[in-house]
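The structure appears below as structure tokens.
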Amino acid sequence: LVAAGRAPNIEGLALEAAGITADRQGVVVTDRLRTTNPRVYAAGDVCSVYKFTHAADAMARIVIQNALFYGRRKASALVIPWVTFTDPEVAHVGVSEVEVAASGGGLRTITVPLSEVDRAIVDDETDGFVRVHHAGGALRGCTIVARHAGEMIGEVTYAMTHGGTLSDFAATVHPYPTQAEALRKAGLPHSQLCMAVLVQRVVPADYAFVIHTENPSTGAKDEIYIEMVRGLGETLVGNYPGRSLSAVVKKDNLAKPEVRSFPSKSVGLFVDET
């Protein structure tokens with residue numbers, strides 16, 4: 001796969017004569033898509049890092065509203081997905097795995113392999129996965145690798161645009177069998193975690209000790225994820241970061257757990273170094 005990139009086709013327009021600033025990336029615009037000449041707006045590939053037809057269409061709508069109807073819409077408010085039409089397709093929206101790794105635990109990841117989705121098994125299209133990034137259940141991004149990933153990413157984009165959560169995925173009735181059911185499966189672990197919070201509210205306890213037989217952050221089946229929190233059950237879904245002790249241990253080496261996070265607040269958790 002060779003990506004040669006694109007160059008803006010603005011040579012010969014004499015933009016500088018109109019007071020419009022441009023560089024190698026294209027025309028410089030504000031978040032409301034206004035150029036350095038306040039009477040001129042720009043939209044699409046010529047001014048955006050998202051060089052997609054659907055992004056250009058969305059930006060053109062913003063320009064019409066802001067230029068003709070005194071709108072105040074911002075391009076940064078758009079939730080823009082993209083699809084690479086390989087086989088299988090690769091679709092993405094929102095934060096990347098690099099951003100998740102740099103979040104310091106503020107963002108978490110749930111992965112559903114297509115090998116666990118019945119429709120993918122029937123169609124012999126199990127190469128791929130659905131990977132959802134979230135902050136306490138609130139959707140922050142998603143990557144889908146699947147034969148029809150481009151058809152699936154729209155549901156995630158809609159959910160993110162309207163403040164959707166993992167629980168919304170779990171509560172949505174998806175037709176069976178479809179590959180989109182992977183999104184419902186992605187929401188189930190969080191819903192089950194919320195049920196643990198509900199149980200703790202009904203039966204108050206000083207501590208909660210949670211064990212996942214698979215690592216919910218990476219989807220690794222050969223790892224056990226352990227979390228211990230003090231007091232409020234809400235800490236289980238990330239509403240109060242810094243109150244938990246978490247560790248990951250390989251199933252074939254239970255004697256050597258790897259601690260991933262310590263409480264950053266004094267919440268009464270003590271760990272014996274032995």
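Scheme for the structure tokens: letters A, B, ... for chains in order shown; per-chain residue numbers from 1; ligand numbers from 1 in order shown.
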Please run DSSP on the backbone and report, as a PyMOL selection string, all residues within region 22-257 of chain A that come out as strand (DSSP E or B). chain A and resi 22-23+26-27+34+41+82-84+89-94+108-113+129-135+138-146+165+207-212+223-230+244-250
Any idea what's packed within 10 Å of Ala58 (chain A), counting only C-alpha atoms, ignoring anything in its chain fewer than 3 positions away? Could you give it as a PyMOL selection string? chain A and resi 43-44+53-55+61-63+75+78-80
So, with only C-alpha atoms as the atoms that count, which of A:Ile110, A:Val248, A:Val93, A:Val2 lies closest to Arg184 (chain A)?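 Ranking A:Ile110, A:Val248, A:Val93, A:Val2 by distance to Arg184 (chain A), first place goes to A:Ile110.
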Using only C-alpha atoms, the best pick from A:Thr161, A:Thr84, A:Gln179, A:Ser246 as closest to Glu258 (chain A) would be A:Ser246
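Atom pair CA of Ala91 (chain A) / CA of Ala138 (chain A): separated by 19.4 Å.
The spacing separating CA of Gly104 (chain A) from CA of Leu188 (chain A) amounts to 23.8 Å.
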As a check of understanding: the span from CA of Val98 (chain A) to CA of Trp82 (chain A) is 17.1 Å
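Near Ser103 (chain A), within 12 Å and counting only C-alpha atoms, sit Val95, Ser96, Glu97, Val98, Glu99, Leu107, Arg108, Thr109, His133, His134, Ala135, Arg140 and Pro241 of chain A, not including residues fewer than 4 positions from it in the same chain.
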List the spatial neighbours of Arg147 (chain A) as a PyMOL selection string - criterion: any atom at most 7 Å away, only C-alpha atoms, same-chain residues fewer than 4 positions off excluded. chain A and resi 87-89+125
Restricted to all heavy atoms, what would the selected residues look like written as a compact mmCIF listing (two decimals), in the first residue's frame?
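Final output, saved to part38.txt:
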# COMPACT_ATOMS: atom_id res chain seq x y z
N ASP A 87 -8.99 -5.04 2.20
CA ASP A 87 -9.78 -6.24 2.50
C ASP A 87 -9.01 -7.07 3.54
O ASP A 87 -8.01 -7.69 3.20
CB ASP A 87 -10.00 -7.07 1.23
CG ASP A 87 -10.96 -8.23 1.46
OD1 ASP A 87 -11.55 -8.29 2.57
OD2 ASP A 87 -11.10 -9.07 0.57
N PRO A 88 -9.45 -7.04 4.83
CA PRO A 88 -10.65 -6.37 5.33
C PRO A 88 -10.47 -4.85 5.41
O PRO A 88 -9.35 -4.35 5.37
CB PRO A 88 -10.83 -6.97 6.73
CG PRO A 88 -9.44 -7.32 7.16
CD PRO A 88 -8.74 -7.78 5.91
N GLU A 89 -11.60 -4.14 5.50
CA GLU A 89 -11.56 -2.69 5.62
C GLU A 89 -11.09 -2.28 7.01
O GLU A 89 -11.24 -3.03 7.99
CB GLU A 89 -12.95 -2.11 5.36
CG GLU A 89 -13.47 -2.35 3.95
CD GLU A 89 -14.88 -1.88 3.75
OE1 GLU A 89 -15.51 -1.43 4.73
OE2 GLU A 89 -15.36 -1.95 2.60
N GLU A 125 -15.44 -14.73 7.94
CA GLU A 125 -14.78 -13.43 7.90
C GLU A 125 -14.33 -13.04 9.31
O GLU A 125 -14.62 -11.96 9.82
CB GLU A 125 -15.74 -12.37 7.35
CG GLU A 125 -16.14 -12.62 5.90
CD GLU A 125 -17.17 -11.62 5.39
OE1 GLU A 125 -17.66 -10.81 6.21
OE2 GLU A 125 -17.48 -11.64 4.19
Which residues in region 31-254 of chain A does DSSP call alpha helix (DSSP H)? List them as number ranges by chain. A: 53-68, 97-101, 118-122, 149-161, 166-171, 181-202
Excluding same-chain residues fewer than 2 positions from Ala170 (chain A), what lies within 8 Å of it counting only C-alpha atoms, as a PyMOL selection string? chain A and resi 166-168+172-173+183-188+191
Nearest residue to Val145 (chain A) out of A:Asn37, A:Thr30, A:Ser48, A:Thr86, using only C-alpha atoms?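 Looking only at the distances to Val145 (chain A), the closest residue turns out to be A:Thr86.
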Counting only C-alpha atoms, which of A:Ile211, A:Ala180, A:Leu245, A:Ala171 gets nearest to Gly154 (chain A)?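 Ranked by minimum distance to Gly154 (chain A), first place goes to A:Ala180.
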Using only C-alpha atoms: which of A:Arg131, A:Asn253, A:Leu1, A:Pro175 has the shortest distance to Val156 (chain A):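 Nearest to Val156 (chain A): A:Arg131.
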